[in-house]
>>> print(open('start_30.pdb').read())   # PDB, C-alpha atoms
ATOM      1  CA  MET S   1     109.333  89.613  82.380
ATOM      2  CA  GLU S   2     105.607  89.409  81.649
ATOM      3  CA  LEU S   3     102.838  89.833  84.199
ATOM      4  CA  ARG S   4     101.216  86.676  82.876
ATOM      5  CA  VAL S   5     104.347  84.650  83.682
ATOM      6  CA  LEU S   6     104.590  86.213  87.148
ATOM      7  CA  ARG S   7     101.036  85.028  87.805
ATOM      8  CA  TYR S   8     102.081  81.562  86.616
ATOM      9  CA  PHE S   9     105.052  81.580  88.993
ATOM     10  CA  LEU S  10     102.885  82.643  91.948
ATOM     11  CA  ALA S  11     100.461  79.814  91.188
ATOM     12  CA  VAL S  12     103.313  77.307  91.276
ATOM     13  CA  ALA S  13     104.625  78.775  94.542
ATOM     14  CA  ARG S  14     101.151  78.617  96.054
ATOM     15  CA  GLU S  15     100.272  75.093  94.900
ATOM     16  CA  GLY S  16     103.701  73.605  95.652
ATOM     17  CA  ASN S  17     103.747  71.534  92.484
ATOM     18  CA  ILE S  18     103.603  72.044  88.728
ATOM     19  CA  THR S  19     100.639  69.730  88.141
ATOM     20  CA  GLY S  20      98.354  71.467  90.637
ATOM     21  CA  ALA S  21      99.310  74.901  89.324
ATOM     22  CA  ALA S  22      98.743  73.808  85.715
ATOM     23  CA  ASN S  23      95.277  72.526  86.586
ATOM     24  CA  PHE S  24      94.457  75.773  88.364
ATOM     25  CA  LEU S  25      95.688  77.841  85.408
ATOM     26  CA  HIS S  26      94.050  75.564  82.803
ATOM     27  CA  LEU S  27      97.429  74.921  81.168
ATOM     28  CA  THR S  28      99.215  71.731  80.252
ATOM     29  CA  GLN S  29     102.025  70.731  82.583
ATOM     30  CA  PRO S  30     104.727  70.913  79.847
ATOM     31  CA  THR S  31     103.573  74.425  78.878
ATOM     32  CA  LEU S  32     103.762  75.674  82.455
ATOM     33  CA  SER S  33     107.128  73.991  83.053
ATOM     34  CA  ARG S  34     108.527  75.658  79.937
ATOM     35  CA  GLN S  35     107.240  79.088  81.033
ATOM     36  CA  ILE S  36     108.925  78.743  84.437
ATOM     37  CA  ARG S  37     112.204  77.570  82.908
ATOM     38  CA  ASP S  38     112.114  80.516  80.498
ATOM     39  CA  LEU S  39     111.613  82.821  83.483
ATOM     40  CA  GLU S  40     114.592  81.284  85.277
ATOM     41  CA  GLU S  41     116.688  81.715  82.133
ATOM     42  CA  GLU S  42     115.571  85.337  81.773
ATOM     43  CA  LEU S  43     116.517  86.134  85.377
ATOM     44  CA  GLY S  44     119.653  84.005  85.349
ATOM     45  CA  GLN S  45     118.643  82.322  88.604
ATOM     46  CA  GLN S  46     117.178  78.992  89.669
ATOM     47  CA  LEU S  47     113.800  79.698  91.248
ATOM     48  CA  LEU S  48     112.564  76.199  92.064
ATOM     49  CA  ILE S  49     114.006  73.065  93.612
ATOM     50  CA  ARG S  50     112.252  70.315  91.670
ATOM     51  CA  LYS S  51     111.461  67.064  93.458
ATOM     52  CA  SER S  52     109.441  64.030  92.405
ATOM     53  CA  HIS S  53     105.997  65.256  93.414
ATOM     54  CA  ARG S  54     106.517  68.827  94.536
ATOM     55  CA  VAL S  55     108.658  71.915  94.177
ATOM     56  CA  ALA S  56     110.226  74.234  96.737
ATOM     57  CA  LEU S  57     111.393  77.802  96.327
ATOM     58  CA  THR S  58     115.082  78.651  96.318
ATOM     59  CA  PRO S  59     116.123  81.833  98.179
ATOM     60  CA  GLU S  60     115.958  83.609  94.812
ATOM     61  CA  GLY S  61     112.494  82.135  94.282
ATOM     62  CA  MET S  62     111.310  83.426  97.674
ATOM     63  CA  LEU S  63     112.567  86.902  96.781
ATOM     64  CA  LEU S  64     110.766  86.802  93.437
ATOM     65  CA  ARG S  65     107.579  85.594  95.130
ATOM     66  CA  LYS S  66     107.581  88.612  97.427
ATOM     67  CA  ARG S  67     108.283  91.046  94.601
ATOM     68  CA  ALA S  68     105.780  89.374  92.263
ATOM     69  CA  GLU S  69     103.028  89.610  94.887
ATOM     70  CA  GLU S  70     103.727  93.337  95.262
ATOM     71  CA  ILE S  71     103.783  93.887  91.479
ATOM     72  CA  ILE S  72     100.551  91.975  90.859
ATOM     73  CA  ALA S  73      98.804  93.731  93.755
ATOM     74  CA  MET S  74      99.835  97.112  92.343
ATOM     75  CA  VAL S  75      98.692  96.183  88.828
ATOM     76  CA  ASP S  76      95.323  94.934  90.084
ATOM     77  CA  LYS S  77      94.852  98.083  92.173
ATOM     78  CA  THR S  78      95.764 100.342  89.232
ATOM     79  CA  GLU S  79      93.369  98.547  86.897
ATOM     80  CA  SER S  80      90.624  98.867  89.486
ATOM     81  CA  GLU S  81      91.253 102.604  89.865
ATOM     82  CA  PHE S  82      91.042 103.237  86.139
ATOM     83  CA  THR S  83      87.931 101.110  85.860
ATOM     84  CA  SER S  84      86.290 103.082  88.655
ATOM     85  CA  MET S  85      86.959 106.385  86.867
ATOM     86  CA  ALA S  86      84.169 105.527  84.469
ATOM     87  CA  ASP S  87      81.773 105.390  87.403
ATOM     88  CA  SER S  88      82.686 107.408  90.496
ATOM     89  CA  LEU S  89      80.228 105.402  92.571
ATOM     90  CA  SER S  90      82.247 102.172  92.336
ATOM     91  CA  GLY S  91      85.796 101.047  92.906
ATOM     92  CA  ASP S  92      88.096  99.556  95.524
ATOM     93  CA  ILE S  93      89.533 101.104  98.672
ATOM     94  CA  TYR S  94      92.564  99.559 100.398
ATOM     95  CA  ILE S  95      92.974 100.204 104.129
ATOM     96  CA  GLY S  96      95.639  98.842 106.477
ATOM     97  CA  GLY S  97      95.820  99.041 110.245
ATOM     98  CA  GLY S  98      96.574  97.457 113.576
ATOM     99  CA  GLU S  99      94.175  95.882 116.034
ATOM    100  CA  THR S 100      92.107  98.472 117.883
ATOM    101  CA  GLN S 101      88.457  99.016 118.718
ATOM    102  CA  ALA S 102      88.820 102.573 117.435
ATOM    103  CA  VAL S 103      88.628 101.065 113.943
ATOM    104  CA  ARG S 104      84.905 100.795 114.695
ATOM    105  CA  GLN S 105      84.593 104.441 113.568
ATOM    106  CA  ILE S 106      85.898 103.430 110.162
ATOM    107  CA  ALA S 107      83.621 100.383 110.081
ATOM    108  CA  GLU S 108      80.569 102.506 110.833
ATOM    109  CA  LEU S 109      81.470 104.895 107.998
ATOM    110  CA  ILE S 110      81.938 101.971 105.611
ATOM    111  CA  ASN S 111      78.538 100.624 106.622
ATOM    112  CA  ARG S 112      76.863 103.939 105.796
ATOM    113  CA  LEU S 113      78.689 104.197 102.475
ATOM    114  CA  ARG S 114      77.708 100.641 101.581
ATOM    115  CA  ASP S 115      74.034 101.619 101.769
ATOM    116  CA  GLU S 116      74.605 104.588  99.497
ATOM    117  CA  PHE S 117      77.321 103.234  97.177
ATOM    118  CA  PRO S 118      77.156  99.419  97.016
ATOM    119  CA  GLY S 119      79.603  99.407  94.105
ATOM    120  CA  ILE S 120      82.504 100.383  96.388
ATOM    121  CA  HIS S 121      84.463  97.467  97.832
ATOM    122  CA  TYR S 122      86.868  97.572 100.773
ATOM    123  CA  HIS S 123      90.054  95.556 101.274
ATOM    124  CA  LEU S 124      91.508  95.460 104.790
ATOM    125  CA  HIS S 125      95.092  94.547 105.656
ATOM    126  CA  SER S 126      96.046  93.910 109.287
ATOM    127  CA  GLY S 127      99.560  94.744 110.427
ATOM    128  CA  ASN S 128     101.683  96.858 112.725
ATOM    129  CA  ALA S 129     102.767 100.420 111.960
ATOM    130  CA  GLU S 130     105.939  99.362 110.133
ATOM    131  CA  ASP S 131     104.071  96.952 107.883
ATOM    132  CA  VAL S 132     101.252  99.392 107.152
ATOM    133  CA  THR S 133     103.507 102.340 106.292
ATOM    134  CA  GLU S 134     105.671 100.127 104.054
ATOM    135  CA  ARG S 135     102.628  99.043 102.041
ATOM    136  CA  LEU S 136     101.335 102.621 102.002
ATOM    137  CA  ASP S 137     104.643 103.925 100.650
ATOM    138  CA  LYS S 138     104.604 101.284  97.904
ATOM    139  CA  GLY S 139     101.117 102.327  96.841
ATOM    140  CA  LEU S 140      99.495  99.054  97.904
ATOM    141  CA  LEU S 141      97.225 100.862 100.377
ATOM    142  CA  ASP S 142      95.164 104.043 100.060
ATOM    143  CA  PHE S 143      94.974 104.641 103.814
ATOM    144  CA  GLY S 144      96.762 103.422 106.907
ATOM    145  CA  ILE S 145      95.363 103.370 110.446
ATOM    146  CA  ILE S 146      98.168 103.961 112.943
ATOM    147  CA  ILE S 147      98.040 103.661 116.723
ATOM    148  CA  GLN S 148      99.656 106.657 118.397
ATOM    149  CA  PRO S 149     102.337 107.565 119.206
ATOM    150  CA  ALA S 150     103.962 107.135 115.798
ATOM    151  CA  ASP S 151     106.088 109.235 113.464
ATOM    152  CA  ILE S 152     103.623 110.312 110.764
ATOM    153  CA  THR S 153     105.264 113.603 109.804
ATOM    154  CA  LYS S 154     105.713 112.559 106.175
ATOM    155  CA  TYR S 155     102.001 111.806 105.720
ATOM    156  CA  ASP S 156      98.757 113.714 105.653
ATOM    157  CA  TYR S 157      96.453 112.510 108.386
ATOM    158  CA  LEU S 158      93.317 112.827 110.441
ATOM    159  CA  ASN S 159      93.146 112.017 114.142
ATOM    160  CA  LEU S 160      90.173 109.873 115.077
ATOM    161  CA  SER S 161      88.239 110.789 118.185
ATOM    162  CA  ASP S 162      88.247 107.423 119.964
ATOM    163  CA  LYS S 163      91.020 106.332 122.312
ATOM    164  CA  ASP S 164      92.167 102.945 123.577
ATOM    165  CA  THR S 165      93.344 102.149 127.094
ATOM    166  CA  TRP S 166      96.479 100.123 127.740
ATOM    167  CA  GLY S 167      96.472  97.284 130.215
ATOM    168  CA  VAL S 168      97.323  93.646 130.793
ATOM    169  CA  VAL S 169      95.462  90.539 129.648
ATOM    170  CA  MET S 170      95.873  87.655 132.077
ATOM    171  CA  ARG S 171      94.215  84.450 133.192
ATOM    172  CA  LYS S 172      91.401  84.870 135.683
ATOM    173  CA  ASP S 173      93.213  82.549 138.088
ATOM    174  CA  SER S 174      96.252  84.865 138.108
ATOM    175  CA  PRO S 175      97.089  86.584 141.427
ATOM    176  CA  LEU S 176      96.985  89.939 139.598
ATOM    177  CA  ALA S 177      93.385  89.306 138.522
ATOM    178  CA  GLY S 178      92.270  90.376 141.982
ATOM    179  CA  LYS S 179      93.536  93.905 141.356
ATOM    180  CA  ASN S 180      91.421  96.642 139.764
ATOM    181  CA  CYS S 181      94.428  98.072 137.925
ATOM    182  CA  ILE S 182      98.091  97.296 137.329
ATOM    183  CA  LYS S 183     101.004  99.410 138.582
ATOM    184  CA  LYS S 184     104.513  99.497 137.182
ATOM    185  CA  GLU S 185     105.953  97.491 140.054
ATOM    186  CA  ASP S 186     103.384  94.729 139.453
ATOM    187  CA  LEU S 187     104.986  93.997 136.074
ATOM    188  CA  LEU S 188     108.554  93.532 137.287
ATOM    189  CA  ASP S 189     109.629  89.877 137.353
ATOM    190  CA  LEU S 190     106.534  88.806 135.389
ATOM    191  CA  PRO S 191     106.827  87.027 132.019
ATOM    192  CA  LEU S 192     105.376  89.556 129.574
ATOM    193  CA  ILE S 193     104.085  89.163 126.026
ATOM    194  CA  CYS S 194     104.330  92.478 124.166
ATOM    195  CA  SER S 195     103.710  93.774 120.678
ATOM    196  CA  ARG S 196     106.778  94.347 118.538
ATOM    197  CA  GLN S 197     105.968  98.065 118.525
ATOM    198  CA  VAL S 198     106.452  98.127 122.302
ATOM    199  CA  LEU S 199     110.071  97.099 121.675
ATOM    200  CA  SER S 200     110.658  99.872 119.153
ATOM    201  CA  PRO S 201     114.003 101.596 119.806
ATOM    202  CA  HIS S 202     112.329 104.914 119.040
ATOM    203  CA  ARG S 203     110.793 106.142 122.289
ATOM    204  CA  SER S 204     108.630 108.615 120.357
ATOM    205  CA  GLU S 205     106.818 105.552 118.970
ATOM    206  CA  ASN S 206     106.711 103.621 122.234
ATOM    207  CA  GLY S 207     104.097 104.944 124.647
ATOM    208  CA  PHE S 208     104.345 101.944 126.967
ATOM    209  CA  ALA S 209     108.127 102.348 127.374
ATOM    210  CA  ASP S 210     107.672 106.022 128.214
ATOM    211  CA  TRP S 211     104.942 105.112 130.707
ATOM    212  CA  PHE S 212     107.126 102.511 132.394
ATOM    213  CA  GLY S 213     110.161 104.748 132.629
ATOM    214  CA  ALA S 214     113.819 104.068 133.393
ATOM    215  CA  ASP S 215     113.357 100.421 134.414
ATOM    216  CA  PHE S 216     111.792  99.384 131.090
ATOM    217  CA  ASP S 217     114.878  97.366 130.115
ATOM    218  CA  LYS S 218     114.488  95.283 133.293
ATOM    219  CA  LEU S 219     111.171  93.824 132.137
ATOM    220  CA  ASP S 220     111.099  90.104 131.331
ATOM    221  CA  ILE S 221     109.598  90.148 127.826
ATOM    222  CA  VAL S 222     109.447  86.446 126.946
ATOM    223  CA  ALA S 223     107.577  86.778 123.639
ATOM    224  CA  THR S 224     106.411  89.354 121.117
ATOM    225  CA  TYR S 225     103.405  89.414 118.820
ATOM    226  CA  ASN S 226     102.267  91.179 115.691
ATOM    227  CA  LEU S 227      98.510  90.637 116.055
ATOM    228  CA  LEU S 228      96.870  89.678 119.328
ATOM    229  CA  TYR S 229      94.933  86.472 118.606
ATOM    230  CA  ASN S 230      97.923  84.168 119.028
ATOM    231  CA  ALA S 231      99.178  86.183 121.999
ATOM    232  CA  ALA S 232      95.866  85.536 123.777
ATOM    233  CA  ILE S 233      96.327  81.796 123.208
ATOM    234  CA  MET S 234      99.789  82.039 124.779
ATOM    235  CA  VAL S 235      98.268  83.787 127.794
ATOM    236  CA  GLU S 236      95.659  81.033 128.097
ATOM    237  CA  ALA S 237      98.468  78.459 127.987
ATOM    238  CA  GLY S 238     100.221  80.188 130.897
ATOM    239  CA  VAL S 239     103.187  81.544 128.953
ATOM    240  CA  GLY S 240     102.826  85.046 130.368
ATOM    241  CA  TYR S 241     100.847  88.279 130.603
ATOM    242  CA  ALA S 242     100.024  90.245 127.446
ATOM    243  CA  VAL S 243     100.484  94.007 127.461
ATOM    244  CA  THR S 244      97.895  95.328 125.027
ATOM    245  CA  LEU S 245      94.943  97.614 124.381
ATOM    246  CA  ASP S 246      91.530  96.992 125.862
ATOM    247  CA  ARG S 247      88.493  95.484 124.088
ATOM    248  CA  LEU S 248      90.557  93.299 121.762
ATOM    249  CA  VAL S 249      90.447  89.986 123.628
ATOM    250  CA  ASN S 250      87.379  88.042 124.710
ATOM    251  CA  THR S 251      87.155  88.594 128.477
ATOM    252  CA  SER S 252      83.489  87.660 128.886
ATOM    253  CA  SER S 253      82.205  85.387 131.638
ATOM    254  CA  ASN S 254      82.811  82.410 129.359
ATOM    255  CA  SER S 255      86.469  83.302 128.839
ATOM    256  CA  SER S 256      89.392  82.250 131.013
ATOM    257  CA  LEU S 257      90.989  85.676 130.491
ATOM    258  CA  CYS S 258      90.496  89.120 132.001
ATOM    259  CA  PHE S 259      91.827  92.631 131.328
ATOM    260  CA  ARG S 260      93.172  95.059 133.929
ATOM    261  CA  PRO S 261      94.095  98.657 132.946
ATOM    262  CA  LEU S 262      97.384 100.287 133.780
ATOM    263  CA  THR S 263      97.606 102.989 136.422
ATOM    264  CA  PRO S 264      98.440 105.823 135.914
ATOM    265  CA  THR S 265      96.164 105.531 132.893
ATOM    266  CA  LEU S 266      97.885 105.158 129.518
ATOM    267  CA  GLU S 267      95.767 105.887 126.451
ATOM    268  CA  SER S 268      96.525 105.787 122.728
ATOM    269  CA  GLY S 269      94.718 107.674 120.028
ATOM    270  CA  LEU S 270      94.448 106.696 116.406
ATOM    271  CA  SER S 271      95.354 108.429 113.150
ATOM    272  CA  ILE S 272      94.327 107.582 109.613
ATOM    273  CA  ILE S 273      97.160 108.522 107.255
ATOM    274  CA  TRP S 274      97.749 108.759 103.511
ATOM    275  CA  LYS S 275     100.625 109.761 101.255
ATOM    276  CA  LYS S 276     101.138 113.466 100.671
ATOM    277  CA  TYR S 277     100.042 114.625  97.213
ATOM    278  CA  GLN S 278      98.159 111.337  96.816
ATOM    279  CA  VAL S 279      95.966 111.169  93.712
ATOM    280  CA  PHE S 280      92.976 109.174  94.885
ATOM    281  CA  SER S 281      90.501 107.134  92.901
ATOM    282  CA  PRO S 282      86.957 108.597  92.971
ATOM    283  CA  ALA S 283      85.956 105.974  95.540
ATOM    284  CA  ALA S 284      88.889 106.764  97.860
ATOM    285  CA  GLU S 285      88.299 110.514  97.461
ATOM    286  CA  LEU S 286      84.666 110.031  98.436
ATOM    287  CA  PHE S 287      85.669 107.957 101.459
ATOM    288  CA  LEU S 288      88.119 110.611 102.671
ATOM    289  CA  ASN S 289      85.643 113.468 102.230
ATOM    290  CA  ARG S 290      82.953 111.595 104.130
ATOM    291  CA  LEU S 291      85.423 110.793 106.899
ATOM    292  CA  LYS S 292      86.325 114.480 107.179
ATOM    293  CA  ASP S 293      82.635 115.343 107.397
ATOM    294  CA  THR S 294      82.116 112.729 110.113
ATOM    295  CA  LEU S 295      84.995 114.090 112.203
ATOM    296  CA  ALA S 296      84.205 117.768 111.559
ATOM    297  CA  ASP S 297      83.137 118.475 115.149
ATOM    298  CA  ASN S 298      86.336 117.150 116.737
ATOM    299  CA  LYS S 299      88.809 117.089 113.847
ATOM    300  CA  ILE S 300      92.437 118.087 114.400
ATOM    301  CA  PRO S 301      93.820 119.624 111.152
ATOM    302  CA  THR S 302      95.697 117.379 108.760
ATOM    303  CA  ASN S 303      99.246 118.076 107.621
ATOM    304  CA  SER S 304      97.865 119.443 104.354
ATOM    305  CA  ASP S 305      95.421 121.692 106.235
ATOM    306  CA  ARG S 306      98.265 123.154 108.279
ATOM    307  CA  SER S 307     100.330 123.736 105.131
ATOM    308  CA  ARG S 308      97.498 125.664 103.509
ATOM    309  CA  GLN S 309      97.043 127.769 106.651
ATOM    310  CA  THR S 310     100.764 128.587 106.639
ATOM    311  CA  ASP S 311     100.606 129.595 102.974
ATOM    312  CA  VAL S 312      97.656 131.921 103.642
ATOM    313  CA  ASN S 313      99.353 133.562 106.604
TER
END
>>> encode(input="start_30.pdb", output="structure tokens")
Amino acid sequence: MELRVLRYFLAVAREGNITGAANFLHLTQPTLSRQIRDLEEELGQQLLIRKSHRVALTPEGMLLRKRAEEIIAMVDKTESEFTSMADSLSGDIYIGGGETQAVRQIAELINRLRDEFPGIHYHLHSGNAEDVTERLDKGLLDFGIIIQPADITKYDYLNLSDKDTWGVVMRKDSPLAGKNCIKKEDLLDLPLICSRQVLSPHRSENGFADWFGADFDKLDIVATYNLLYNAAIMVEAGVGYAVTLDRLVNTSSNSSLCFRPLTPTLESGLSIIWKKYQVFSPAAELFLNRLKDTLADNKIPTNSDRSRQTDVN
């Protein structure tokens, strides 16, 4: 199975027809069709359902698309890393994370590095903790930004200094909008929109469930979200109240939404994590060292720092 043919297959999957993919790839349609049929023969599976003017992926084709995207992303990242070794002041850094204003610390560092090292490029992937750690484990990311609490014992990490406050996003015409803060009993019998992480069965990774206590299972969670933009639209439409972090939704005077914090206060910190024994590209190594310097005044030791201290003692 050649990388070139995998790229051909992804083009067909993306375009939805052989002709469009052939034009994109600057190939003739018969040549591309033959390459895809050879791939199906090699794998022993039908990958496409061919119709008059378009194609659709079979279940086997959808599986190959997912795996091919991972393979191509890894190849492109590896090539970039080796290219950057010739010049330590250039290269690509891949960072994944959830939605949080604490990411601003990372953005400010990137802005400073851009002035000094314009040859370094940054690729951001948005996702929840499960998605980010999966991509990190596969080598598709250099760093992951994880909202606490989370199980990060198998990674090296730094804790960022900023914290986010949990609360509820609601319409300004909601009865709860008149309150300064939201208590546990206010949330009972309300239709709630929560992140999938809030529904994690692992309480160690579910700060909101711990905050709410024994009656958590009585909550009426009508919808879940991965990233907050669509959840905010659902709130605007009157579907429910979104449990989320502050400063992520537009609650300005022009918005129909407002945010009210929980009481007692529930805060979440943020950790930036990376694989243990990770061999970084020069660009990623530079980024990590500068981040450590930035957090020097309030840095909690990383896993690797603690290991070295144990070895010395």
>>> resolve_selection(input="start_30.pdb", expression="the PyMOL selection byres ((chain S and resi 185) around 12)", output="ChimeraX atom specification")
/S:176,181-184,186-190,212-213,215-216,218-219,262-264
>>> atom_distance(input="start_30.pdb", atom1="CA of Asp217 (chain S)", atom2="CA of Leu192 (chain S)")
12.3 Å
>>> resolve_selection(input="start_30.pdb", expression="the PyMOL selection byres ((chain S and resi 63-77) around 12)", output="ChimeraX atom specification")
/S:1-14,39-40,43,45-48,56-62,78-84,91-94,121-123,134-142,280-281,284
>>> atom_distance(input="start_30.pdb", atom1="CA of Gly240 (chain S)", atom2="CA of Leu257 (chain S)")
11.9 Å
>>> closest_residue(input="start_30.pdb", among="S:Phe287, S:Trp274, S:Phe24, S:Trp211", to="Val132 (chain S)", atoms="all atoms listed in the file")
S:Trp274
>>> atom_distance(input="start_30.pdb", atom1="CA of Lys172 (chain S)", atom2="CA of Arg196 (chain S)")
24.9 Å
>>> closest_residue(input="start_30.pdb", among="S:Ser90, S:Asn226, S:Ser195, S:Arg171", to="Glu116 (chain S)", atoms="only C-alpha atoms")
S:Ser90
>>> resolve_selection(input="start_30.pdb", expression="the PyMOL selection byres ((chain S and resi 256) around 9)", output="MDAnalysis selection string")
chainID S and resid 170:173 236 250:255 257:258
>>> closest_residue(input="start_30.pdb", among="S:Ala107, S:Ala214, S:Ala102, S:Leu295", to="Thr165 (chain S)", atoms="all atoms listed in the file")
S:Ala102
>>> residues_near_point(input="start_30.pdb", point="(93.9, 97.2, 114.3)", cutoff="10 Å", atoms="all atoms listed in the file", output="VMD selection string")
chain S and resid 96 to 104 124 to 129 145 to 147 227 to 228 248 270
